[in-house]
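Here is the structure we will look at, set down as structure tokens.
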Amino acid sequence: MSQTVSVPQGLPMDRDAGPFDPPSRITGLREARPVSPMLFPDGHEGWLITGYDVVRQVMADTRFSNRQDLGVIHVPYETPGMPVAAEPSPQTPGLFISMDPPDHTRLRRKLTGAFTVKRMKQLEEGIIAITEQQLDELAKLTPPVDLVREFALPVPSLVICELLGVPYADRETFQENSSKFMVRDVTLEDKMAAIGAMFGYLAQLVTAKRADPGEDILSDLARDEDLTIEELSGMAFLLLLAGHETTANMLALGTFALLEHPEQLAELRGNPDLLPDAVEELMRYLSVADIFFRYATEDIELGGETIPAGATVVVSLLAANRDPRRFENPDVLDVHRKVRGQVAFGHGIHQCLGQQLARIEMRAGFEGLLRRFPDLRLAIPADEVKLRTNMHIYGVHGLPVTWA
């Protein structure tokens, strides 16, 4: 391995190549050294993983732990109001995304039946109906309108609320608090207050469902006496957060990308059968949930480097999904592409549980938008669209659009 590559100081986050492309410093590192040392702002040395093959290797190797209670947590970028390193905190009950087997296995297994491909196909008709209702509401408005507020956020929020049994009337509370949780530069006190408010609300909700269960996923979980209220609250938090944040940002950013690639938009309008492939391609091309963390539990050989035990490893799914060693012309959005093996939903035992749900929502959302609004276009110049570069899930803060 060449030692001439400069070690990045913190995680390069500047989207200098454009709103849809990875930071050029990350792609440069991927080409030169896919397993690269990096310095965190506190001076701690960790590792940045950017190549497709090594990213999949890390995500599939359980020696790279998800547990954040194993050692000091180092923040990879300067974050005002937060320490660059934090002492390990106890594991949050129910938050199985931050657990390793066997704890992860026990909790995730409780949900596998609710998110099977067969179960999601049974729900597809209802998801399409929710999407069409929101399109009806959108069509009543006088443009320009913010597509995020009026469509991209309501659709997955309505769907996940109905699935989980969360009152949609409470959406503003959980959306506001989940948004604070996702912001990088919010103070630690505000972040903890938002998390506390979410868990307090969800603890009351699952306690009520345990006493009087209904026909929804949280009620099904609440019937399981093996799960504590704390575990139920943690699982509900994870499902609620993941169930609307990523899909909402994919719907908004994906629409932005299509509007900025009019030839691809025309291809999709002319041939709706391309939609499943287009959704997969947009997932690969945009990879809104980009950065993941792992902690080496022992010395591990990876890509010609030795990752020492205890090291913090930062994985870029976007860099992997744009790796030219795996995808031909990866920086080109091509709705005809037959994408195989994209890692936008992760890989290994922590691969996104709700990925089939997200695919159905995106297919319904993009199909409905293209059909109902054939002349949809941006209402402001593209360079004025505010990007979520300050958030853990990438996307746009708003997307003003108009139509005739």
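In the structure tokens, chains take letters A, B, ... by order of appearance, with residues numbered from 1 within each chain and ligands from 1 in the order shown.
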Produce a table with one row for each residue of region 261-369 of chain A that has an atom at most 7 Å from any atom of region 8-22 of chain A, each row naming the nearest atom pair and its distance in Å at one decimal; use only C-alpha atoms; arrange rows by chain and rising residue number; format as a tab-separated table.
```
residue	atom	partner	partner_atom	distance
A:Leu286	CA	A:Phe20	CA	6.1
A:Leu318	CA	A:Pro22	CA	6.6
A:Ala319	CA	A:Pro22	CA	6.5
```
Q) When DSSP works through the backbone of this structure, what residues of region 187-340 of chain A end up as alpha helix (DSSP H), shown as a ChimeraX atom specification? A) /A:188-211,217-222,229-259,262-270,275-286,317-321
Q: Find the distance between CA of Ile128 (chain A) and CA of Ala358 (chain A) and write it in Å to one decimal.
A: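 One can read the CA of Ile128 (chain A) to CA of Ala358 (chain A) distance as 12.3 Å.
Taking only C-alpha atoms into account, Val166 (chain A) lies nearest to A:Leu218 out of the set A:Ile130, A:Ala364, A:Leu218, A:Ala203.
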Q | Pairwise distance for CA of Gln356 (chain A) and CA of Thr116 (chain A), rounded to one decimal in Å | A | 7.9 Å
Q | Nearest to Leu251 (chain A), chosen from A:Phe366, A:Phe373, A:Phe115, A:Trp403, with only C-alpha atoms counted in the distances | A |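 Closest to Leu251 (chain A), using only C-alpha atoms: A:Phe366.
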Q: Compare A:Pro154, A:Pro262, A:Pro101, A:Gly113 by their minimum atom-to-atom distance to Asn66 (chain A), counting only C-alpha atoms, and give me the closest one.
A: A:Pro101
